[in-house]
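Containing compact mmCIF, C-alpha atoms: run_36.txt.
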# COMPACT_ATOMS: atom_id res chain seq x y z
CA MET P 26 -111.91 -6.08 -4.86
CA LYS P 27 -109.58 -9.03 -4.24
CA LEU P 28 -109.03 -11.33 -1.28
CA PHE P 29 -105.71 -13.02 -0.51
CA HIS P 30 -104.79 -15.50 2.22
CA ASP P 31 -101.39 -16.75 3.27
CA THR P 32 -99.65 -18.12 6.34
CA ILE P 33 -96.32 -17.00 7.77
CA SER P 34 -94.45 -19.65 9.77
CA VAL P 35 -91.57 -18.90 12.09
CA ASP P 36 -89.54 -21.10 14.43
CA LEU P 37 -89.23 -19.64 17.90
CA SER P 38 -87.34 -20.69 21.03
CA THR P 39 -88.77 -21.22 24.49
CA GLY P 40 -90.86 -18.17 25.43
CA PRO P 41 -90.87 -15.39 25.63
CA ASP P 42 -89.12 -15.33 22.27
CA ILE P 43 -89.80 -12.65 19.67
CA ALA P 44 -89.38 -12.76 15.87
CA ASP P 45 -89.59 -9.98 13.30
CA ILE P 46 -91.94 -11.08 10.48
CA THR P 47 -92.09 -7.77 8.61
CA GLY P 48 -90.00 -9.09 5.71
CA ASP P 49 -92.23 -12.17 5.37
CA LEU P 50 -95.30 -9.94 5.46
CA ARG P 51 -93.91 -7.71 2.69
CA GLU P 52 -93.40 -10.84 0.55
CA VAL P 53 -97.00 -11.90 1.17
CA VAL P 54 -98.20 -8.44 0.16
CA GLN P 55 -96.16 -8.62 -3.03
CA ARG P 56 -97.51 -12.07 -3.94
CA SER P 57 -101.07 -10.80 -3.36
CA THR P 58 -100.63 -8.10 -6.04
CA ILE P 59 -102.94 -5.96 -3.87
CA THR P 60 -101.64 -2.43 -3.36
CA GLN P 61 -104.58 -0.73 -1.60
CA GLY P 62 -106.30 -2.54 1.22
CA MET P 63 -106.66 -3.79 4.76
CA ILE P 64 -104.52 -6.53 6.30
CA SER P 65 -105.32 -8.75 9.27
CA LEU P 66 -102.70 -10.86 11.04
CA CYS P 67 -103.71 -13.49 13.58
CA CYS P 68 -101.33 -15.74 15.51
CA ILE P 69 -102.74 -19.27 15.54
CA GLY P 70 -102.57 -20.97 18.95
CA SER P 71 -103.29 -19.89 22.49
CA THR P 72 -99.67 -19.34 23.60
CA GLY P 73 -98.63 -16.93 20.85
CA SER P 74 -99.29 -13.23 20.31
CA ILE P 75 -98.59 -10.48 17.82
CA THR P 76 -97.74 -6.78 18.15
CA THR P 77 -95.30 -4.19 16.75
CA ILE P 78 -91.99 -2.97 18.18
CA GLU P 79 -88.74 -1.37 17.12
CA TYR P 80 -86.97 -4.67 16.56
CA GLU P 81 -83.55 -4.02 18.10
CA PRO P 82 -81.88 -6.27 20.73
CA GLY P 83 -82.50 -3.89 23.63
CA VAL P 84 -86.27 -3.49 23.10
CA VAL P 85 -86.57 -7.23 22.45
CA GLU P 86 -85.05 -8.02 25.86
CA ASP P 87 -87.02 -5.25 27.59
CA LEU P 88 -90.27 -6.59 26.18
CA LYS P 89 -89.45 -10.17 27.25
CA GLU P 90 -88.89 -8.94 30.81
CA ALA P 91 -92.12 -6.93 30.81
CA VAL P 92 -94.09 -9.90 29.51
CA ASN P 93 -92.64 -12.06 32.29
CA ARG P 94 -93.65 -9.43 34.84
CA LEU P 95 -97.28 -9.59 33.60
CA ALA P 96 -97.44 -13.34 34.31
CA PRO P 97 -94.21 -14.71 35.83
CA PRO P 98 -93.08 -18.21 34.93
CA GLY P 99 -92.95 -20.34 38.07
CA ALA P 100 -95.78 -18.53 39.87
CA HIS P 101 -98.89 -20.46 40.90
CA TYR P 102 -101.32 -21.08 38.03
CA ARG P 103 -104.51 -23.11 38.22
CA HIS P 104 -103.90 -24.31 34.67
CA GLU P 105 -101.00 -26.34 36.14
CA MET P 106 -103.18 -28.11 38.66
CA ALA P 107 -105.07 -29.86 35.86
CA TRP P 108 -102.45 -30.06 33.13
CA HIS P 109 -98.97 -30.01 34.74
CA ASP P 110 -97.44 -28.82 31.49
CA GLY P 111 -95.70 -25.82 33.02
CA ASN P 112 -97.14 -23.20 30.69
CA GLY P 113 -99.79 -21.50 32.82
CA HIS P 114 -97.91 -18.21 32.49
CA SER P 115 -97.76 -18.66 28.69
CA HIS P 116 -101.53 -18.71 28.35
CA VAL P 117 -102.00 -15.60 30.49
CA GLN P 118 -99.26 -13.64 28.73
CA ALA P 119 -100.64 -14.44 25.28
CA ALA P 120 -104.20 -13.49 26.27
CA LEU P 121 -103.07 -10.12 27.65
CA LEU P 122 -100.97 -9.26 24.58
CA GLY P 123 -103.69 -10.38 22.15
CA PRO P 124 -103.66 -12.61 19.06
CA SER P 125 -104.08 -10.13 16.23
CA ILE P 126 -103.34 -6.77 14.63
CA SER P 127 -104.73 -4.87 11.64
CA LEU P 128 -102.74 -2.80 9.20
CA SER P 129 -103.49 -0.56 6.23
CA LEU P 130 -101.89 -1.16 2.85
CA VAL P 131 -101.55 2.16 0.98
CA ASP P 132 -99.84 2.44 -2.41
CA GLY P 133 -98.20 -0.94 -1.79
CA ARG P 134 -96.80 0.10 1.59
CA LEU P 135 -97.63 -1.14 5.10
CA SER P 136 -98.90 1.49 7.57
CA LEU P 137 -95.82 1.18 9.80
CA GLY P 138 -93.28 3.70 11.01
CA THR P 139 -89.66 3.48 9.88
CA TRP P 140 -88.62 1.88 13.17
CA GLN P 141 -91.74 -0.23 13.63
CA GLN P 142 -91.70 -3.96 12.87
CA VAL P 143 -94.41 -6.62 13.10
CA VAL P 144 -93.41 -9.27 15.63
CA VAL P 145 -94.69 -12.66 16.73
CA ILE P 146 -94.13 -13.71 20.33
CA ASN P 147 -93.92 -17.31 21.46
CA HIS P 148 -94.97 -17.45 25.12
CA ASP P 149 -94.92 -21.25 25.39
CA ASN P 150 -92.43 -23.02 27.66
CA LYS P 151 -91.02 -24.94 24.74
CA PRO P 152 -89.81 -24.03 21.25
CA ARG P 153 -92.70 -23.66 18.81
CA ARG P 154 -93.22 -23.12 15.12
CA ARG P 155 -95.71 -20.24 15.28
CA LYS P 156 -98.08 -19.68 12.39
CA VAL P 157 -99.67 -16.35 11.52
CA ALA P 158 -102.75 -16.21 9.30
CA VAL P 159 -102.57 -13.20 6.97
CA THR P 160 -105.60 -11.97 5.04
CA ILE P 161 -105.55 -9.00 2.67
CA VAL P 162 -108.70 -7.39 1.22
CA GLY P 163 -108.30 -4.68 -1.41
CA THR P 164 -107.53 -3.71 -4.97
CA MET M 6 -117.52 -2.74 -2.44
CA LYS M 7 -115.46 0.38 -1.83
CA LEU M 8 -112.11 1.02 -0.16
CA PHE M 9 -111.19 4.26 1.57
CA HIS M 10 -107.94 5.35 3.21
CA ASP M 11 -107.22 8.35 5.37
CA THR M 12 -104.84 9.46 8.11
CA ILE M 13 -105.77 11.10 11.40
CA SER M 14 -103.04 13.27 12.93
CA VAL M 15 -103.04 14.46 16.51
CA ASP M 16 -100.50 16.44 18.54
CA LEU M 17 -99.75 14.81 21.88
CA SER M 18 -97.62 15.83 24.86
CA THR M 19 -94.87 13.80 26.52
CA GLY M 20 -96.18 10.31 27.23
CA PRO M 21 -98.25 8.85 28.43
CA ASP M 22 -100.65 11.32 26.84
CA ILE M 23 -104.05 10.30 25.53
CA ALA M 24 -106.23 11.93 22.83
CA ASP M 25 -109.82 11.20 21.82
CA ILE M 26 -109.96 10.78 18.01
CA THR M 27 -113.58 9.61 17.77
CA GLY M 28 -114.72 12.89 16.21
CA ASP M 29 -111.95 12.75 13.59
CA LEU M 30 -112.86 9.14 12.84
CA ARG M 31 -116.53 10.05 12.32
CA GLU M 32 -115.43 12.72 9.82
CA VAL M 33 -113.33 10.16 7.95
CA VAL M 34 -116.30 7.79 7.83
CA GLN M 35 -118.50 10.57 6.46
CA ARG M 36 -115.97 11.50 3.76
CA SER M 37 -115.73 7.82 2.76
CA THR M 38 -119.49 7.69 1.96
CA ILE M 39 -119.32 4.06 3.18
CA THR M 40 -122.13 3.18 5.58
CA GLN M 41 -121.71 -0.61 5.98
CA GLY M 42 -118.25 -2.02 6.50
CA MET M 43 -115.17 -2.82 8.48
CA ILE M 44 -112.69 -0.24 9.78
CA SER M 45 -109.06 -0.74 10.77
CA LEU M 46 -107.07 1.85 12.72
CA CYS M 47 -103.31 1.53 13.12
CA CYS M 48 -101.06 3.91 15.01
CA ILE M 49 -97.94 4.55 12.97
CA GLY M 50 -94.70 4.43 14.97
CA SER M 51 -93.35 2.14 17.69
CA THR M 52 -94.06 4.42 20.67
CA GLY M 53 -97.78 4.95 20.05
CA SER M 54 -100.81 2.76 20.68
CA ILE M 55 -104.56 2.76 20.20
CA THR M 56 -107.48 1.48 22.29
CA THR M 57 -110.92 2.60 23.51
CA ILE M 58 -111.91 4.20 26.83
CA GLU M 59 -114.60 6.34 28.37
CA TYR M 60 -112.79 9.61 27.70
CA GLU M 61 -113.29 11.51 30.94
CA PRO M 62 -110.48 13.11 32.97
CA GLY M 63 -110.52 10.46 35.72
CA VAL M 64 -110.17 7.44 33.44
CA VAL M 65 -107.54 9.26 31.39
CA GLU M 66 -105.37 9.77 34.50
CA ASP M 67 -106.04 6.24 35.78
CA LEU M 68 -104.96 4.76 32.45
CA LYS M 69 -101.77 6.87 32.37
CA GLU M 70 -100.85 5.54 35.82
CA ALA M 71 -101.60 1.94 34.83
CA VAL M 72 -99.51 2.28 31.67
CA ASN M 73 -96.61 3.61 33.74
CA ARG M 74 -96.93 0.64 36.11
CA LEU M 75 -96.60 -1.77 33.15
CA ALA M 76 -93.25 -0.25 32.20
CA PRO M 77 -92.13 2.51 34.58
CA PRO M 78 -90.18 5.48 33.21
CA GLY M 79 -86.76 5.62 34.86
CA ALA M 80 -86.43 1.85 35.36
CA HIS M 81 -83.55 -0.02 33.74
CA TYR M 82 -84.07 -0.71 30.02
CA ARG M 83 -81.55 -2.33 27.69
CA HIS M 84 -82.80 -0.09 24.89
CA GLU M 85 -81.14 2.76 26.81
CA MET M 86 -77.73 1.12 26.88
CA ALA M 87 -77.50 1.38 23.11
CA TRP M 88 -79.56 4.45 22.36
CA HIS M 89 -79.57 6.70 25.47
CA ASP M 90 -82.74 8.39 24.29
CA GLY M 91 -84.66 7.79 27.52
CA ASN M 92 -87.65 6.08 25.95
CA GLY M 93 -87.11 2.40 26.75
CA HIS M 94 -90.33 2.38 28.75
CA SER M 95 -92.19 3.95 25.80
CA HIS M 96 -91.37 1.05 23.48
CA VAL M 97 -92.46 -1.55 26.02
CA GLN M 98 -95.70 0.25 26.90
CA ALA M 99 -96.70 0.65 23.24
CA ALA M 100 -95.96 -3.01 22.43
CA LEU M 101 -98.09 -4.23 25.35
CA LEU M 102 -101.05 -1.97 24.47
CA GLY M 103 -100.85 -2.81 20.77
CA PRO M 104 -100.88 -0.67 17.60
CA SER M 105 -104.33 -1.32 16.17
CA ILE M 106 -108.05 -1.88 16.63
CA SER M 107 -110.88 -2.97 14.33
CA LEU M 108 -114.42 -1.60 14.33
CA SER M 109 -117.66 -2.36 12.53
CA LEU M 110 -119.53 0.32 10.60
CA VAL M 111 -123.27 -0.46 10.64
CA ASP M 112 -125.85 1.88 9.09
CA GLY M 113 -123.29 4.67 9.19
CA ARG M 114 -122.51 4.19 12.87
CA LEU M 115 -119.35 2.99 14.60
CA SER M 116 -119.67 -0.15 16.77
CA LEU M 117 -118.95 1.76 19.99
CA GLY M 118 -120.88 2.16 23.21
CA THR M 119 -122.27 5.53 24.23
CA TRP M 120 -119.40 6.08 26.66
CA GLN M 121 -116.69 4.50 24.55
CA GLN M 122 -114.22 6.64 22.61
CA VAL M 123 -111.32 5.72 20.33
CA VAL M 124 -108.08 7.03 21.79
CA VAL M 125 -104.47 7.32 20.67
CA ILE M 126 -101.76 7.12 23.29
CA ASN M 127 -98.33 8.72 22.90
CA HIS M 128 -95.88 6.75 25.05
CA ASP M 129 -92.76 8.61 23.88
CA ASN M 130 -90.72 10.75 26.25
CA LYS M 131 -91.25 13.80 24.11
CA PRO M 132 -94.25 15.44 22.45
CA ARG M 133 -95.17 13.74 19.20
CA ARG M 134 -97.58 14.26 16.32
CA ARG M 135 -99.10 10.78 16.20
CA LYS M 136 -100.59 9.53 12.94
CA VAL M 137 -103.28 6.88 12.67
CA ALA M 138 -103.87 5.05 9.39
CA VAL M 139 -107.59 4.46 8.84
CA THR M 140 -108.89 2.04 6.22
CA ILE M 141 -112.57 1.36 5.56
CA VAL M 142 -113.85 -1.50 3.38
CA GLY M 143 -117.56 -1.69 2.63
CA THR M 144 -120.54 -0.38 0.71
CA MET R 12 -117.33 -9.75 -2.40
CA LYS R 13 -119.96 -9.83 0.35
CA LEU R 14 -120.35 -8.00 3.65
CA PHE R 15 -122.13 -9.44 6.66
CA HIS R 16 -122.88 -7.91 10.06
CA ASP R 17 -124.18 -9.54 13.19
CA THR R 18 -124.08 -9.07 16.95
CA ILE R 19 -123.25 -11.70 19.55
CA SER R 20 -124.78 -11.08 22.99
CA VAL R 21 -123.66 -12.85 26.14
CA ASP R 22 -124.69 -12.46 29.77
CA LEU R 23 -121.72 -12.12 32.10
CA SER R 24 -121.36 -11.91 35.86
CA THR R 25 -119.54 -9.24 37.85
CA GLY R 26 -116.05 -8.76 36.38
CA PRO R 27 -113.70 -10.08 35.62
CA ASP R 28 -115.92 -12.72 34.05
CA ILE R 29 -115.01 -14.51 30.84
CA ALA R 30 -117.26 -16.20 28.24
CA ASP R 31 -116.35 -18.38 25.27
CA ILE R 32 -118.15 -17.05 22.17
CA THR R 33 -116.46 -19.30 19.59
CA GLY R 34 -119.62 -21.34 19.03
CA ASP R 35 -121.70 -18.20 18.50
CA LEU R 36 -119.08 -16.89 16.09
CA ARG R 37 -119.14 -20.12 14.07
CA GLU R 38 -122.95 -19.75 13.76
CA VAL R 39 -122.54 -16.17 12.53
CA VAL R 40 -120.00 -17.34 9.95
CA GLN R 41 -122.40 -20.05 8.76
CA ARG R 42 -125.30 -17.61 8.43
CA SER R 43 -123.07 -15.24 6.45
CA THR R 44 -122.47 -17.94 3.77
CA ILE R 45 -118.98 -16.39 3.42
CA THR R 46 -116.19 -19.00 3.38
CA GLN R 47 -113.13 -16.90 2.50
CA GLY R 48 -112.62 -13.58 4.24
CA MET R 49 -111.63 -11.34 7.09
CA ILE R 50 -113.55 -11.06 10.37
CA SER R 51 -113.52 -8.22 12.88
CA LEU R 52 -114.94 -8.56 16.39
CA CYS R 53 -115.41 -5.50 18.59
CA CYS R 54 -116.78 -5.50 22.13
CA ILE R 55 -119.24 -2.65 22.50
CA GLY R 56 -118.83 -0.66 25.73
CA SER R 57 -115.84 0.70 27.65
CA THR R 58 -115.74 -1.98 30.35
CA GLY R 59 -115.55 -5.04 28.08
CA SER R 60 -112.71 -6.57 26.10
CA ILE R 61 -112.02 -9.41 23.72
CA THR R 62 -109.09 -11.81 23.26
CA THR R 63 -108.38 -15.53 22.75
CA ILE R 64 -107.48 -18.21 25.30
CA GLU R 65 -107.60 -21.95 25.82
CA TYR R 66 -111.00 -21.89 27.50
CA GLU R 67 -110.53 -24.29 30.40
CA PRO R 68 -111.34 -23.51 34.05
CA GLY R 69 -107.70 -23.13 35.11
CA VAL R 70 -106.71 -20.58 32.45
CA VAL R 71 -109.98 -18.70 32.99
CA GLU R 72 -109.16 -18.21 36.69
CA ASP R 73 -105.51 -17.43 35.99
CA LEU R 74 -106.51 -14.73 33.50
CA LYS R 75 -109.01 -13.20 35.95
CA GLU R 76 -106.26 -12.92 38.54
CA ALA R 77 -103.82 -11.40 36.06
CA VAL R 78 -106.41 -8.87 34.93
CA ASN R 79 -107.00 -7.87 38.54
CA ARG R 80 -103.25 -7.42 39.04
CA LEU R 81 -103.15 -4.98 36.09
CA ALA R 82 -105.74 -2.74 37.76
CA PRO R 83 -106.82 -4.01 41.19
CA PRO R 84 -110.43 -3.47 42.30
CA GLY R 85 -110.47 -1.34 45.44
CA ALA R 86 -107.32 0.63 44.60
CA HIS R 87 -107.54 4.41 44.23
CA TYR R 88 -108.98 5.55 40.89
CA ARG R 89 -109.68 9.15 39.88
CA HIS R 90 -112.70 7.94 37.94
CA GLU R 91 -114.28 7.21 41.33
CA MET R 92 -113.81 10.74 42.59
CA ALA R 93 -116.23 12.03 39.97
CA TRP R 94 -118.53 9.07 39.45
CA HIS R 95 -118.50 6.93 42.63
CA ASP R 96 -119.68 3.92 40.67
CA GLY R 97 -116.89 1.64 41.85
CA ASN R 98 -115.68 0.60 38.41
CA GLY R 99 -112.48 2.63 37.97
CA HIS R 100 -110.50 -0.60 37.71
CA SER R 101 -112.94 -1.93 35.06
CA HIS R 102 -112.21 0.93 32.70
CA VAL R 103 -108.44 0.55 33.04
CA GLN R 104 -108.51 -3.24 32.62
CA ALA R 105 -110.66 -3.05 29.48
CA ALA R 106 -108.45 -0.36 27.89
CA LEU R 107 -105.29 -2.42 28.48
CA LEU R 108 -106.79 -5.62 27.07
CA GLY R 109 -108.30 -3.85 24.07
CA PRO R 110 -111.76 -3.92 22.48
CA SER R 111 -111.19 -5.89 19.29
CA ILE R 112 -109.53 -8.75 17.42
CA SER R 113 -109.27 -9.73 13.74
CA LEU R 114 -109.44 -13.25 12.36
CA SER R 115 -109.05 -14.90 8.96
CA LEU R 116 -111.76 -17.11 7.50
CA VAL R 117 -110.18 -19.72 5.23
CA ASP R 118 -112.24 -22.48 3.54
CA GLY R 119 -115.03 -21.84 6.04
CA ARG R 120 -112.73 -22.18 9.07
CA LEU R 121 -111.62 -19.60 11.62
CA SER R 122 -107.85 -19.01 11.92
CA LEU R 123 -107.69 -20.43 15.44
CA GLY R 124 -105.67 -23.21 16.99
CA THR R 125 -107.38 -26.36 18.27
CA TRP R 126 -107.14 -25.11 21.86
CA GLN R 127 -107.81 -21.45 21.12
CA GLN R 128 -111.22 -19.92 21.78
CA VAL R 129 -112.54 -16.38 21.29
CA VAL R 130 -113.55 -14.89 24.63
CA VAL R 131 -115.34 -11.79 25.83
CA ILE R 132 -114.39 -10.35 29.20
CA ASN R 133 -116.73 -8.29 31.35
CA HIS R 134 -114.60 -6.04 33.56
CA ASP R 135 -117.51 -4.08 35.04
CA ASN R 136 -118.34 -4.29 38.75
CA LYS R 137 -121.83 -5.53 37.98
CA PRO R 138 -123.28 -8.23 35.72
CA ARG R 139 -123.57 -7.07 32.13
CA ARG R 140 -125.00 -8.31 28.87
CA ARG R 141 -121.96 -7.76 26.64
CA LYS R 142 -122.47 -7.25 22.91
CA VAL R 143 -119.86 -7.99 20.28
CA ALA R 144 -120.15 -6.50 16.80
CA VAL R 145 -119.05 -9.01 14.17
CA THR R 146 -118.32 -7.99 10.58
CA ILE R 147 -117.23 -10.39 7.85
CA VAL R 148 -115.92 -9.28 4.43
CA GLY R 149 -115.25 -11.93 1.81
CA THR R 150 -116.59 -14.35 -0.75
Would you mind writing the structure in this file as structure tokens?
Amino acid sequence: MKLFHDTISVDLSTGPDIADITGDLREVVQRSTITQGMISLCCIGSTGSITTIEYEPGVVEDLKEAVNRLAPPGAHYRHEMAWHDGNGHSHVQAALLGPSISLSLVDGRLSLGTWQQVVVINHDNKPRRRKVAVTIVGT
Amino acid sequence: MKLFHDTISVDLSTGPDIADITGDLREVVQRSTITQGMISLCCIGSTGSITTIEYEPGVVEDLKEAVNRLAPPGAHYRHEMAWHDGNGHSHVQAALLGPSISLSLVDGRLSLGTWQQVVVINHDNKPRRRKVAVTIVGT
Amino acid sequence: MKLFHDTISVDLSTGPDIADITGDLREVVQRSTITQGMISLCCIGSTGSITTIEYEPGVVEDLKEAVNRLAPPGAHYRHEMAWHDGNGHSHVQAALLGPSISLSLVDGRLSLGTWQQVVVINHDNKPRRRKVAVTIVGT
């Protein structure tokens, strides 16, 4: 049984912004030389999240709107009263979406559908380089 | 340390529809002969999700309604403008719920409460056979 | 490769109440003597959830409010019609947030940002001792 760590970094615009990291993840898997295993992905930082979508421009915009409905920018947040950094909504959005996902790696392939991509979301109110910790356990 | 893969398949109606797969998961665990470990479950496809609930008819209906409030069917989705397949809401719902969960396997038992079941949700606007990739690592 | 299980218990007030368990998790990691690996955390019970936030009083209150917008206490829930225990909203909130997260453990450190803490949420309509199953696989 082997263990492999790597980090995927991606530059994102002011949130909500959404990037497809499936290609980067496939490269990490290849470098690991693991073909059977379990993969964890965790977005580092409290204003980022990770999920899967069909990464096409329409869904990307629809998801941004839905995320802004969950915690609208410009609404009243108590985080602002102490910090005045304008990202109260970012923290709430990221917490609701969640920081991590788990995937299976079977015969060298990710357990994803044909139209399913792994995405990182930046919820912060400024551009951010988001980092995703990837760990693979397997053979 | 052993590694075990399997897939759970379940036929679901037009979304949101919710199936309890806890029994199937227990069978997978038994076949794996692993009694101590970590389990990942990932719903394959971008219009499905996975979570846990108390699987009783009331909660099932309450969760369907809540999911439809997050991204109402029939609202305006940009995904529709390109694809016209009527499932813009399905993509958004599935992304917000998330594709995967992780469980512990301790002394042959899943880390679930007595009234907590693992469920797969089909968010698509047509019936779908949903597949869940299960990977177990342990001894 | 080693495997380590433990349980973190935390007493929470009537939901939504939110506790920071990052310190407890670091103690579990230390006891495990594993420094490189993958960690799964799963909240046991159908009215609890787990995610990450910047644990400061403002965000904690903002997240409570957002969680109560997702499934408001006092609204109509079918769960109530059968059970009359007043926690229909608790079940829906917990299912939407999700029961589990995955983290990487790299050089003895959790894959978290400086301002990112692991939190357990009690959504139940009464105080609860929430238990989180922690499993670590690694070296």
Next item on the list: Determine which residues of chain M sit within 8 Å of chain R, taking into account all atoms listed in the file, and present them as a PyMOL selection string.
Entry: chain M and resi 6+41-43+56-59+61-64+66-68+71+75+102+106-109+111+116-122+143
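The coordinates place CA of Val78 in chain R at 16.7 Å from CA of Val129 in chain R.
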Item checked: Residues within 7 Å of Ala24 in chain M, all atoms listed in the file, excluding chain neighbours under 3 positions, as JSON, numbers by chain -> {"M": [124, 125, 126]}
Item checked: Computed interatomic separation between CA of Ala100 in chain P and CA of Val71 in chain R (Å) -> 15.8 Å
Margin query: If I take CA of Leu110 in chain M and CA of Thr40 in chain M, how far is one from the other in Å, to one decimal?
Written below: 6.3 Å
Check: Between P:Glu90, P:Asp36, P:Asp42, P:Asp132, which has the minimum distance to Val54 in chain P (counting all atoms listed in the file)?
Finding: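 Among the listed residues, the smallest separation from Val54 in chain P belongs to P:Asp132.
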Fix up range 86-103 of chain R with N, CA and C atoms, then write it as a compact mmCIF listing (two decimals), keeping the file's coordinate frame.
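Final file, result_2.txt:
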# COMPACT_ATOMS: atom_id res chain seq x y z
N ALA R 86 -108.41 -0.34 44.57
CA ALA R 86 -107.32 0.63 44.60
C ALA R 86 -107.92 2.03 44.38
N HIS R 87 -107.06 3.04 44.43
CA HIS R 87 -107.54 4.41 44.23
C HIS R 87 -107.63 4.73 42.74
N TYR R 88 -108.80 5.15 42.29
CA TYR R 88 -108.98 5.55 40.89
C TYR R 88 -109.63 6.93 40.85
N ARG R 89 -109.11 7.78 39.99
CA ARG R 89 -109.68 9.15 39.88
C ARG R 89 -111.08 9.12 39.30
N HIS R 90 -111.35 8.10 38.47
CA HIS R 90 -112.70 7.94 37.94
C HIS R 90 -113.73 7.91 39.06
N GLU R 91 -113.36 7.31 40.19
CA GLU R 91 -114.28 7.21 41.33
C GLU R 91 -114.61 8.55 41.94
N MET R 92 -113.63 9.46 41.92
CA MET R 92 -113.81 10.74 42.59
C MET R 92 -114.94 11.52 41.96
N ALA R 93 -115.14 11.33 40.66
CA ALA R 93 -116.23 12.03 39.97
C ALA R 93 -117.51 11.21 39.93
N TRP R 94 -117.37 9.89 39.81
CA TRP R 94 -118.53 9.07 39.45
C TRP R 94 -119.00 8.14 40.56
N HIS R 95 -118.11 7.77 41.48
CA HIS R 95 -118.50 6.93 42.63
C HIS R 95 -119.28 5.70 42.23
N ASP R 96 -118.96 5.12 41.08
CA ASP R 96 -119.68 3.92 40.67
C ASP R 96 -118.84 2.65 40.84
N GLY R 97 -117.66 2.80 41.44
CA GLY R 97 -116.89 1.64 41.85
C GLY R 97 -116.22 0.85 40.75
N ASN R 98 -116.24 1.39 39.51
CA ASN R 98 -115.68 0.60 38.41
C ASN R 98 -114.46 1.26 37.74
N GLY R 99 -113.71 2.03 38.51
CA GLY R 99 -112.48 2.63 37.97
C GLY R 99 -111.54 1.57 37.42
N HIS R 100 -111.39 0.48 38.16
CA HIS R 100 -110.50 -0.60 37.71
C HIS R 100 -111.02 -1.23 36.41
N SER R 101 -112.33 -1.30 36.25
CA SER R 101 -112.94 -1.93 35.06
C SER R 101 -112.53 -1.19 33.79
N HIS R 102 -112.57 0.14 33.87
CA HIS R 102 -112.21 0.93 32.70
C HIS R 102 -110.74 0.72 32.32
N VAL R 103 -109.87 0.71 33.32
CA VAL R 103 -108.44 0.55 33.04
C VAL R 103 -108.15 -0.85 32.49
